[in-house]
$ cat my_file.txt   # compact mmCIF, C-alpha atoms
# COMPACT_ATOMS: atom_id res chain seq x y z
CA MET A 11 0.52 34.31 -23.18
CA ALA A 12 -1.87 33.44 -20.36
CA ARG A 13 -4.62 35.87 -19.39
CA ILE A 14 -7.31 35.69 -16.74
CA ALA A 15 -10.69 35.26 -18.46
CA ASP A 16 -13.37 37.84 -17.63
CA ASP A 17 -17.09 38.21 -18.37
CA SER A 18 -16.46 39.49 -21.89
CA ASP A 19 -14.69 36.22 -22.80
CA PHE A 20 -17.68 34.14 -21.67
CA GLU A 21 -20.09 36.44 -23.51
CA ALA A 22 -18.03 35.94 -26.68
CA LEU A 23 -18.18 32.16 -26.11
CA LYS A 24 -21.99 32.27 -25.89
CA ARG A 25 -22.23 34.31 -29.10
CA LEU A 26 -19.91 31.85 -30.84
CA VAL A 27 -22.01 28.79 -29.97
CA ASP A 28 -25.43 30.44 -30.54
CA ASN A 29 -24.79 32.31 -33.80
CA HIS A 30 -24.79 30.14 -36.97
CA ASP A 31 -23.75 32.83 -39.48
CA GLY A 32 -20.89 31.52 -41.62
CA TRP A 33 -21.23 27.95 -40.30
CA THR A 34 -21.90 24.88 -42.44
CA LEU A 35 -24.06 22.05 -41.15
CA GLU A 36 -22.00 18.89 -41.66
CA LEU A 37 -24.07 16.35 -39.71
CA SER A 38 -27.55 16.23 -38.21
CA LYS A 39 -28.48 13.03 -36.38
CA SER A 40 -31.43 12.81 -33.94
CA ASP A 41 -30.55 15.34 -31.23
CA THR A 42 -26.95 16.15 -32.37
CA GLN A 43 -25.81 18.70 -34.97
CA VAL A 44 -22.23 19.30 -36.12
CA TYR A 45 -21.14 22.58 -37.75
CA THR A 46 -17.82 23.70 -39.24
CA ARG A 47 -16.46 27.07 -40.26
CA PRO A 48 -13.18 28.15 -41.93
CA VAL A 49 -10.93 30.50 -40.00
CA PRO A 50 -9.05 33.25 -41.88
CA GLY A 51 -5.29 32.72 -41.82
CA CYS A 52 -5.52 29.08 -40.71
CA ASN A 53 -5.91 25.84 -42.68
CA PHE A 54 -7.83 24.06 -39.93
CA ASN A 55 -11.57 24.58 -39.55
CA MET A 56 -13.44 25.38 -36.37
CA VAL A 57 -16.01 22.81 -35.25
CA LYS A 58 -19.20 23.28 -33.23
CA ILE A 59 -21.59 20.67 -31.77
CA HIS A 60 -25.10 21.02 -30.36
CA THR A 61 -26.64 18.11 -28.46
CA GLU A 62 -29.21 17.29 -25.77
CA PHE A 63 -28.87 15.05 -22.71
CA THR A 64 -32.36 14.06 -21.66
CA ASP A 65 -31.43 12.12 -18.52
CA VAL A 66 -28.33 13.98 -17.24
CA THR A 67 -28.29 17.29 -15.39
CA ALA A 68 -26.06 20.20 -16.29
CA ASP A 69 -24.39 20.01 -12.85
CA THR A 70 -23.35 16.41 -13.45
CA VAL A 71 -21.85 17.14 -16.89
CA PHE A 72 -20.03 20.15 -15.41
CA ASP A 73 -18.54 17.92 -12.70
CA VAL A 74 -17.50 15.25 -15.23
CA LEU A 75 -15.64 17.83 -17.33
CA HIS A 76 -13.77 19.06 -14.24
CA ASP A 77 -13.04 15.95 -12.19
CA PRO A 78 -9.41 14.88 -12.95
CA ASP A 79 -9.76 11.53 -11.17
CA TYR A 80 -12.86 10.50 -13.10
CA ARG A 81 -11.30 11.44 -16.45
CA LYS A 82 -8.81 8.62 -15.93
CA VAL A 83 -11.82 6.26 -15.90
CA TRP A 84 -13.81 7.35 -18.94
CA ASP A 85 -11.26 9.08 -21.23
CA SER A 86 -9.72 6.17 -23.19
CA HIS A 87 -7.46 8.50 -25.23
CA MET A 88 -5.74 10.11 -22.22
CA LEU A 89 -2.13 9.08 -21.64
CA ALA A 90 -1.23 11.52 -18.85
CA SER A 91 -2.85 14.34 -16.93
CA GLU A 92 -1.39 16.65 -14.30
CA GLU A 93 -2.65 19.68 -12.41
CA ILE A 94 0.14 22.27 -12.60
CA GLY A 95 -1.48 24.90 -10.37
CA ILE A 96 -4.18 27.52 -9.97
CA LEU A 97 -4.11 31.18 -10.96
CA ASN A 98 -7.24 31.97 -8.93
CA VAL A 99 -10.40 30.15 -7.84
CA ASN A 100 -11.76 30.11 -11.42
CA ASN A 101 -8.58 29.65 -13.46
CA ASP A 102 -6.05 26.83 -13.44
CA VAL A 103 -3.29 25.40 -15.65
CA GLY A 104 -2.86 21.70 -16.44
CA TYR A 105 -0.99 19.25 -18.65
CA TYR A 106 -2.83 16.73 -20.86
CA ALA A 107 -1.42 14.06 -23.22
CA MET A 108 -3.54 11.95 -25.58
CA SER A 109 -2.94 9.02 -27.89
CA CYS A 110 -3.36 9.10 -31.67
CA PRO A 111 -3.96 6.23 -34.10
CA PRO A 112 -0.68 4.74 -35.41
CA PRO A 113 1.61 5.67 -37.03
CA LEU A 114 0.95 9.15 -35.61
CA LYS A 115 2.82 10.34 -32.53
CA PRO A 116 0.82 11.20 -29.40
CA ARG A 117 -0.10 14.84 -28.80
CA ASP A 118 0.16 16.83 -25.57
CA PHE A 119 -1.18 20.19 -24.41
CA VAL A 120 -0.55 22.74 -21.66
CA LEU A 121 -3.99 24.28 -21.12
CA GLN A 122 -5.38 27.15 -19.09
CA ARG A 123 -8.97 26.49 -18.01
CA SER A 124 -11.49 29.15 -16.97
CA TRP A 125 -15.00 28.40 -15.77
CA LEU A 126 -18.11 30.29 -14.70
CA ASP A 127 -21.35 29.16 -13.06
CA THR A 128 -24.05 31.82 -13.37
CA GLY A 129 -26.36 30.03 -10.95
CA PRO A 130 -29.97 31.25 -11.30
CA GLN A 131 -29.65 31.66 -15.09
CA GLY A 132 -28.87 27.97 -15.40
CA GLU A 133 -25.68 28.42 -17.45
CA GLN A 134 -22.35 26.78 -16.75
CA MET A 135 -19.39 27.55 -19.00
CA LEU A 136 -15.92 26.11 -19.37
CA LEU A 137 -13.27 27.74 -21.55
CA SER A 138 -9.70 26.51 -22.23
CA ARG A 139 -6.78 27.33 -24.52
CA SER A 140 -3.09 26.52 -24.87
CA VAL A 141 -0.51 28.48 -22.91
CA PRO A 142 3.24 28.01 -22.44
CA HIS A 143 4.76 27.12 -19.08
CA LYS A 144 8.41 27.41 -18.13
CA HIS A 145 8.47 24.03 -16.33
CA TYR A 146 6.63 22.10 -19.09
CA PRO A 147 8.53 22.45 -22.38
CA PRO A 148 7.82 20.10 -25.32
CA LYS A 149 8.69 16.49 -24.48
CA LYS A 150 10.54 13.93 -26.55
CA GLY A 151 8.13 11.44 -28.13
CA TYR A 152 5.20 13.89 -28.11
CA VAL A 153 4.05 16.57 -30.52
CA ARG A 154 3.03 19.75 -28.72
CA ALA A 155 -0.40 20.59 -30.18
CA MET A 156 -2.13 23.96 -30.02
CA SER A 157 -5.67 24.64 -28.82
CA TYR A 158 -6.81 28.11 -29.82
CA ILE A 159 -10.18 27.70 -28.12
CA THR A 160 -12.19 24.90 -26.55
CA GLY A 161 -15.48 25.84 -24.92
CA PHE A 162 -18.52 24.20 -23.33
CA VAL A 163 -21.85 25.89 -22.57
CA LEU A 164 -24.31 23.91 -20.46
CA ARG A 165 -27.90 25.05 -20.06
CA THR A 166 -30.70 23.45 -18.07
CA ASP A 167 -33.58 22.34 -20.28
CA ALA A 168 -36.80 24.06 -19.23
CA HIS A 169 -38.97 21.22 -20.57
CA LEU A 170 -37.07 18.42 -18.83
CA LYS A 171 -36.28 18.52 -15.11
CA THR A 172 -33.28 16.21 -15.40
CA GLY A 173 -32.06 17.14 -18.89
CA CYS A 174 -29.70 19.76 -20.31
CA THR A 175 -28.31 21.04 -23.59
CA LEU A 176 -24.61 21.02 -24.38
CA LYS A 177 -22.96 23.36 -26.89
CA TYR A 178 -19.34 22.70 -27.73
CA VAL A 179 -16.87 24.65 -29.90
CA ALA A 180 -13.21 23.91 -30.65
CA HIS A 181 -10.42 25.15 -32.88
CA CYS A 182 -7.17 23.18 -32.65
CA ASP A 183 -3.96 22.72 -34.59
CA PRO A 184 -2.52 19.21 -34.10
CA GLN A 185 0.88 20.37 -35.43
CA GLY A 186 3.17 17.83 -37.02
CA THR A 187 2.89 16.77 -40.67
CA LEU A 188 -0.83 16.00 -40.81
CA PRO A 189 -2.49 17.43 -43.97
CA PRO A 190 -5.20 19.99 -43.13
CA TRP A 191 -7.79 18.40 -45.45
CA LEU A 192 -7.52 15.13 -43.51
CA VAL A 193 -7.87 16.85 -40.14
CA ASN A 194 -10.90 18.82 -41.33
CA LYS A 195 -12.55 15.65 -42.64
CA VAL A 196 -11.99 13.65 -39.45
CA THR A 197 -12.96 16.46 -37.05
CA HIS A 198 -16.72 16.47 -37.70
CA THR A 199 -16.83 12.65 -37.38
CA LEU A 200 -14.89 12.46 -34.11
CA GLY A 201 -17.07 15.14 -32.49
CA PRO A 202 -20.23 12.98 -32.11
CA ARG A 203 -18.10 10.13 -30.74
CA MET A 204 -16.71 12.45 -28.05
CA VAL A 205 -20.24 13.56 -27.13
CA LYS A 206 -21.36 9.94 -26.85
CA ASP A 207 -18.46 9.08 -24.50
CA LEU A 208 -19.20 12.18 -22.39
CA LYS A 209 -22.86 11.22 -21.99
CA LYS A 210 -21.98 7.68 -20.98
CA ALA A 211 -19.51 9.00 -18.43
CA ALA A 212 -22.07 11.44 -16.99
CA LEU A 213 -24.59 8.64 -16.42
CA GLY A 214 -22.14 6.74 -14.20
CA TYR A 215 -20.52 9.69 -12.41
CA VAL A 216 -22.79 9.94 -9.34
CA SER A 217 -22.45 6.25 -8.42
CA TRP A 218 -18.67 6.34 -9.02
CA LYS A 219 -18.24 9.43 -6.84
CA GLN A 220 -19.98 7.75 -3.92
CA THR A 221 -17.38 4.97 -3.91
CA GLN A 222 -14.42 7.37 -3.64
CA PRO A 223 -12.66 8.04 -0.33
CA HIS A 224 -13.31 11.76 -0.67
CA LEU A 225 -16.13 13.82 -2.19
CA ARG A 226 -14.07 16.90 -2.96
CA LYS A 227 -15.14 19.30 -5.73
CA PRO A 228 -12.68 22.20 -5.66
CA TRP A 229 -14.14 23.69 -8.85
CA ARG A 230 -17.33 24.34 -6.85
CA TYR A 231 -15.91 24.83 -3.35
CA PRO A 232 -12.67 26.87 -3.37
CA GLU A 233 -11.86 25.94 0.23
CA GLU A 234 -11.15 22.39 -1.00
CA ILE A 235 -8.40 23.50 -3.41
CA ARG A 236 -5.11 21.69 -2.78
CA CYS A 237 -3.18 22.62 -5.93
CA PRO A 238 -0.25 25.03 -5.56
CA ARG A 239 -0.76 28.69 -6.41
CA ILE A 240 1.23 29.74 -9.49
CA SER A 241 1.92 33.12 -11.03
CA ILE A 242 0.74 34.17 -14.47
CA GLU A 243 4.35 35.12 -15.20
CA ASP A 244 5.15 31.38 -15.29
CA CYS A 245 2.91 31.08 -18.36
CA LEU A 246 4.66 33.71 -20.48
CA ASP A 247 6.38 32.82 -23.71
CA GLN A 248 10.10 33.51 -23.93
CA CYS A 249 9.62 36.22 -26.55
CA ASP A 250 6.83 37.82 -24.48
CA ALA A 251 8.96 37.78 -21.33
CA SER A 252 11.97 39.28 -23.13
CA SER A 253 9.85 41.98 -24.74
CA MET A 254 8.34 42.91 -21.38
CA ALA A 255 11.81 43.13 -19.86
CA LEU A 256 13.20 45.30 -22.70
CA VAL A 257 10.34 47.79 -22.97
CA PRO A 258 11.04 50.72 -20.59
CA THR A 259 8.25 52.12 -18.49
CA THR A 260 7.21 55.56 -19.70
CA SER A 261 6.26 58.12 -17.13
CA THR A 262 2.94 59.89 -17.58
CA PRO A 263 3.39 63.46 -18.81
CA THR A 264 2.54 66.10 -16.23
CA PRO A 265 0.37 69.00 -17.37
CA ARG A 266 2.15 72.30 -17.84
CA GLN A 267 1.68 74.83 -15.09
CA PRO A 268 0.54 78.30 -16.18
CA GLN A 269 3.40 80.82 -16.34
CA LEU A 270 3.18 83.72 -13.92
CA ALA A 271 3.07 87.21 -15.38
CA ASN A 272 6.42 89.00 -15.36
CA ASN A 273 5.73 92.25 -13.55
CA ASN A 274 9.33 93.47 -13.89
CA PRO A 275 9.96 94.01 -17.61
CA GLN A 276 13.69 94.72 -17.10
CA GLN A 277 14.32 91.29 -15.57
CA PRO A 278 14.50 88.76 -18.42
CA SER A 279 12.88 85.42 -17.97
CA GLN A 280 15.38 82.68 -17.07
CA PRO A 281 15.63 79.83 -19.54
CA SER A 282 14.21 76.59 -18.24
CA THR A 283 16.89 74.05 -17.43
CA PRO A 284 16.21 70.57 -18.74
CA THR A 285 15.23 68.18 -15.97
CA GLN A 286 17.25 65.03 -15.52
CA ARG A 287 15.45 61.93 -16.71
CA LYS A 288 14.57 59.58 -13.88
CA LEU A 289 15.40 55.94 -14.16
CA PRO A 290 12.38 53.65 -14.37
CA GLN A 291 11.61 51.80 -11.20
CA LEU A 292 11.21 48.15 -11.97
CA LYS A 293 9.00 46.14 -9.68
CA THR A 294 9.50 42.66 -8.45
CA GLN A 295 7.11 40.45 -6.56
CA THR A 296 8.39 38.94 -3.31
CA ASN A 297 6.25 37.17 -0.74
CA GLY A 298 3.03 38.53 -2.17
CA ARG A 299 4.22 42.17 -1.96
CA VAL A 300 5.34 44.33 -4.85
CA LEU A 301 8.48 46.23 -3.90
CA PRO A 302 10.35 48.83 -6.00
CA ILE A 303 13.97 48.20 -6.87
CA LEU A 304 15.94 51.29 -5.88
CA HIS A 305 18.72 52.34 -8.23
CA LYS A 306 21.54 52.52 -5.69
CA LYS A 307 25.06 51.22 -5.80
CA ALA A 308 25.56 48.23 -3.64
CA GLN A 309 27.75 49.04 -0.68
CA SER A 310 30.92 47.04 -0.91
CA THR A 311 31.42 45.00 2.22
CA PRO A 312 35.01 44.64 3.47
CA SER A 313 36.50 41.34 2.56
CA SER A 314 36.97 38.97 5.45
CA PRO A 315 40.62 38.25 6.35
CA VAL A 316 41.98 35.01 5.06
CA VAL A 317 42.92 32.71 7.91
CA GLU A 318 45.65 30.26 6.99
CA ASP A 319 45.69 26.77 8.36
CA ALA A 320 47.83 26.27 11.46
CA LYS A 321 51.23 24.76 10.70
CA PHE A 322 52.43 22.18 13.26
CA LEU A 323 56.20 21.97 13.71
CA LYS A 324 58.17 18.81 14.31
CA ARG A 325 60.07 18.18 17.53
CA ASP A 326 63.50 18.89 16.01
CA GLU A 327 62.32 22.15 14.51
CA LEU A 328 60.75 23.15 17.82
CA LEU A 329 63.99 22.48 19.67
CA LYS A 330 65.94 24.51 17.12
CA LEU A 331 63.55 27.43 17.56
CA ARG A 332 63.94 27.27 21.34
CA LEU A 333 67.73 27.17 20.97
CA ALA A 334 67.66 30.18 18.67
CA GLU A 335 65.52 32.08 21.18
CA GLN A 336 67.95 31.29 23.99
CA LEU A 337 70.89 32.43 21.85
CA GLU A 338 69.13 35.73 21.16
CA LYS A 339 68.49 36.20 24.88
CA GLU A 340 72.13 35.40 25.62
CA GLU A 341 73.35 38.02 23.16
CA LYS A 342 71.04 40.63 24.69
CA ARG A 343 72.32 39.81 28.17
CA LYS A 344 75.96 40.03 27.02
CA GLN A 345 75.28 43.47 25.58
CA LYS A 346 73.79 44.55 28.91
CA ASP A 347 76.78 43.11 30.81
CA THR A 348 79.26 45.02 28.67
CA SER A 349 77.40 48.24 29.30
CA THR A 350 77.35 47.68 33.12
CA PRO A 351 80.65 46.54 34.81
CA SER A 352 80.51 43.35 36.86
CA LYS A 353 80.87 43.61 40.61
CA THR A 354 82.99 40.56 41.29
CA ASN A 355 84.60 37.89 39.17
CA GLY A 356 82.94 35.06 41.07
CA THR A 357 79.48 36.31 40.52
CA SER A 358 80.13 36.86 36.83
CA LYS A 359 81.29 33.27 36.40
CA GLU A 360 78.21 31.93 38.17
CA ASP A 361 75.93 34.05 35.97
CA ALA A 362 77.73 32.86 32.88
CA ALA A 363 77.42 29.22 33.93
CA ARG A 364 73.77 29.73 34.80
CA ASP A 365 72.94 31.56 31.55
CA SER A 366 74.87 29.21 29.25
CA PRO A 367 72.48 27.73 26.64
CA LYS A 368 71.51 24.07 26.91
CA SER A 369 72.41 21.67 24.16
CA ILE A 370 69.89 19.81 21.99
CA LYS A 371 70.64 16.50 23.75
CA GLU A 372 69.85 17.98 27.15
CA LEU A 373 66.56 19.37 25.85
CA GLU A 374 65.66 15.96 24.40
CA LYS A 375 66.41 14.31 27.73
CA GLU A 376 64.16 16.76 29.53
CA ALA A 377 61.36 16.15 27.01
CA LYS A 378 61.65 12.36 27.45
CA ALA A 379 61.62 12.68 31.21
CA ALA A 380 58.47 14.82 31.05
CA ALA A 381 56.82 12.25 28.79
CA LYS A 382 57.64 9.41 31.20
CA GLU A 383 56.22 11.34 34.11
CA SER A 384 52.98 12.04 32.19
CA LYS A 385 52.66 8.32 31.35
CA LYS A 386 53.16 7.36 34.96
CA ALA A 387 50.54 9.87 36.06
CA SER A 388 48.05 8.57 33.49
CA LYS A 389 48.64 4.96 34.57
CA ALA A 390 48.17 5.88 38.20
CA ALA A 391 44.93 7.69 37.39
CA ALA A 392 43.67 4.66 35.42
CA LYS A 393 44.48 2.34 38.35
CA GLU A 394 42.64 4.61 40.73
CA ALA A 395 39.58 4.66 38.44
CA GLU A 396 39.57 0.85 38.25
CA ALA A 397 39.80 0.58 41.99
CA ILE A 398 36.91 2.97 42.47
CA ALA A 399 34.80 1.01 39.96
CA LYS A 400 35.51 -2.26 41.76
CA ARG A 401 34.52 -0.73 45.08
CA GLU A 402 31.25 0.54 43.63
CA LYS A 403 30.43 -2.92 42.23
CA LYS A 404 31.12 -4.55 45.60
CA GLU A 405 28.93 -2.03 47.39
CA LYS A 406 26.09 -2.62 44.92
CA GLY A 407 26.35 -6.37 45.43
CA LEU A 408 26.26 -5.96 49.19
CA THR A 409 23.19 -3.72 49.04
CA LYS A 410 21.38 -6.28 46.87
CA ARG A 411 22.21 -9.10 49.30
CA ARG A 412 21.08 -7.05 52.27
CA SER A 413 17.79 -6.21 50.53
CA LEU A 414 17.21 -9.91 49.80
CA LEU A 415 17.92 -10.84 53.40
CA ASN A 416 15.46 -8.24 54.65
CA LEU A 417 12.62 -9.66 52.54
CA LYS A 418 9.85 -11.38 54.45
CA PHE A 419 8.35 -14.49 52.90

$ encode --input "my_file.txt" --output "structure tokens"
Amino acid sequence: MARIADDSDFEALKRLVDNHDGWTLELSKSDTQVYTRPVPGCNFNMVKIHTEFTDVTADTVFDVLHDPDYRKVWDSHMLASEEIGILNVNNDVGYYAMSCPPPLKPRDFVLQRSWLDTGPQGEQMLLSRSVPHKHYPPKKGYVRAMSYITGFVLRTDAHLKTGCTLKYVAHCDPQGTLPPWLVNKVTHTLGPRMVKDLKKAALGYVSWKQTQPHLRKPWRYPEEIRCPRISIEDCLDQCDASSMALVPTTSTPTPRQPQLANNNPQQPSQPSTPTQRKLPQLKTQTNGRVLPILHKKAQSTPSSPVVEDAKFLKRDELLKLRLAEQLEKEEKRKQKDTSTPSKTNGTSKEDAARDSPKSIKELEKEAKAAAKESKKASKAAAKEAEAIAKREKKEKGLTKRRSLLNLKF
């Protein structure tokens, strides 16, 4: 589980690198010492290195450890590196993959880094450890290693103006099937090699930085940060996230109020009714604001009416429908005629002849005649449009000729 490092974590780091109780000196060569110490409950030892850089400043080494672009130049073991995001201006999360000698598989890490520059005291510290991330699960072809702690403490040497001392501590588990005795034996021999590569890289950092298109140092100047901001909830393990979701929030007990004296002895004191337990208010983070989730039933919105697709009838069906409508109208008119006596026989015959329903053939003839008329109208309109276009072209040609004739040479 990720956690923002505070001052107590950096104080513990300084005590760890300065105190030699329980440590065994494995190697002492010129200005470099290597120490190891067993860790209870773990088969892999912790390693610590003290060294001096006589011609490199602490600021330069601090920049080399941070600069992701320069690490691609000097770190020969790095296979991939990616900045996942920042938690705040002094804490970020990144992905790092490194090669291992064959036949071992390469190892990768998801690391949270925390750093602190004390300024006048001349101390610069860098602390990192493994954390999970929901978007970076273990990959195929890599073994996800575990870094319990990796720390650097840089101090300016008072005797040398351009020198510094570096104190390094690490406790890692490479995972896989590597025997612990082999890892413990190789660790204190690989440490001095890492220090040598770091010193060589620090000597060439200033000249390399001057050749780059930008001189950004976001670890020193927060306004130059371009990584996305991520939440610490993204770095929670699945079991931690599920446990946090299952544990209910307990309300703080309120102190009991003093009971008032019962002046009326005949009136018995009423028994206290148990209060209804309130549901815990979960909180969710949206747009940088923490809002409570109210325990209310969602109001059911009325379902929208289903609109069926329009059904287009054929011509025969349409004619049949019209015929049926006319028959219905005829029946209604006959009923009205029977209820009211006709005035004269002649008029009744004329009404009957006028109201007699048309046959299907007659309706088809009328439809064809209407279609022919519409075609004729469309052709006439097209001819008129062509004539108008021809007239406009002629007028444009005449205006051009007139303008050419009016030119003076």

$ atom_distance --input "my_file.txt" --atom1 "atom CA of Asp207 of chain A" --atom2 "atom CA of Thr64 of chain A"
15.0 Å

$ residues_around --input "my_file.txt" --residues "Met56 of chain A" --least-positions-apart "6" --cutoff "8 Å" --atoms "all atoms listed in the file" --output "list of chain:residue names"
A:Thr46, A:Arg47, A:Pro48, A:Val49, A:Val179, A:Ala180, A:His181, A:Cys182

$ residues_around --input "my_file.txt" --residues "segment 73-90 of chain A" --least-positions-apart "3" --cutoff "6 Å" --atoms "all atoms listed in the file" --output "PyMOL selection string"
chain A and resi 70+106-109+211

$ closest_residue --input "my_file.txt" --among "A:Asn194, A:Thr128, A:Gln336, A:Thr175" --to "Thr61 of chain A" --atoms "all atoms listed in the file"
A:Thr175

$ atom_distance --input "my_file.txt" --atom1 "atom CA of Val196 of chain A" --atom2 "atom CA of Ala155 of chain A"
16.4 Å

$ closest_residue --input "my_file.txt" --among "A:Leu208, A:Leu176, A:Ala22, A:Leu164" --to "His60 of chain A" --atoms "only C-alpha atoms"
A:Leu176

$ residues_near_point --input "my_file.txt" --point "(-31.0, 23.0, -14.2)" --cutoff "9 Å" --atoms "only C-alpha atoms" --output "list in words"
Thr67, Ala68, Asp69, Pro130, Gln131, Gly132, Glu133, Arg165, Thr166, Asp167, Ala168, Leu170, Lys171, Thr172, Gly173 and Cys174 of chain A

$ write_last_selection --input "my_file.txt" --atoms "C-alpha atoms" --output "tab-separated table (two decimals), keeping the file's coordinate frame"
chain	number	residue	atom	x	y	z
A	67	THR	CA	-28.29	17.29	-15.39
A	68	ALA	CA	-26.06	20.20	-16.29
A	69	ASP	CA	-24.39	20.01	-12.85
A	130	PRO	CA	-29.97	31.25	-11.30
A	131	GLN	CA	-29.65	31.66	-15.09
A	132	GLY	CA	-28.87	27.97	-15.40
A	133	GLU	CA	-25.68	28.42	-17.45
A	165	ARG	CA	-27.90	25.05	-20.06
A	166	THR	CA	-30.70	23.45	-18.07
A	167	ASP	CA	-33.58	22.34	-20.28
A	168	ALA	CA	-36.80	24.06	-19.23
A	170	LEU	CA	-37.07	18.42	-18.83
A	171	LYS	CA	-36.28	18.52	-15.11
A	172	THR	CA	-33.28	16.21	-15.40
A	173	GLY	CA	-32.06	17.14	-18.89
A	174	CYS	CA	-29.70	19.76	-20.31

$ atom_distance --input "my_file.txt" --atom1 "atom CA of Arg230 of chain A" --atom2 "atom CA of Ala212 of chain A"
17.1 Å

$ closest_residue --input "my_file.txt" --among "A:Lys389, A:Lys177, A:Lys371, A:Arg123" --to "Asn98 of chain A" --atoms "all atoms listed in the file"
A:Arg123

$ residues_around --input "my_file.txt" --residues "Lys149 of chain A" --least-positions-apart "5" --cutoff "12 Å" --atoms "all atoms listed in the file" --output "ChimeraX atom specification"
/A:105,107,115-120,154-155

$ closest_residue --input "my_file.txt" --among "A:Glu21, A:Glu340, A:Asp244, A:Glu383" --to "Gly95 of chain A" --atoms "all atoms listed in the file"
A:Asp244

$ residues_around --input "my_file.txt" --residues "Gln134 of chain A" --least-positions-apart "5" --cutoff "6 Å" --atoms "all atoms listed in the file" --output "PDB file with C-alpha atoms, in the coordinates of the input"
ATOM      1  CA  LEU A 126     -18.110  30.290 -14.700  1.00  0.00           C
ATOM      2  CA  ASP A 127     -21.350  29.160 -13.060  1.00  0.00           C
ATOM      3  CA  VAL A 163     -21.850  25.890 -22.570  1.00  0.00           C
ATOM      4  CA  LEU A 164     -24.310  23.910 -20.460  1.00  0.00           C
TER       5      LEU A 164
END

$ closest_residue --input "my_file.txt" --among "A:Thr409, A:Gln122, A:Ser157, A:Ser91" --to "Phe54 of chain A" --atoms "all atoms listed in the file"
A:Ser157

$ closest_residue --input "my_file.txt" --among "A:Glu93, A:Glu62, A:Glu234, A:Asp247" --to "Pro147 of chain A" --atoms "only C-alpha atoms"
A:Asp247
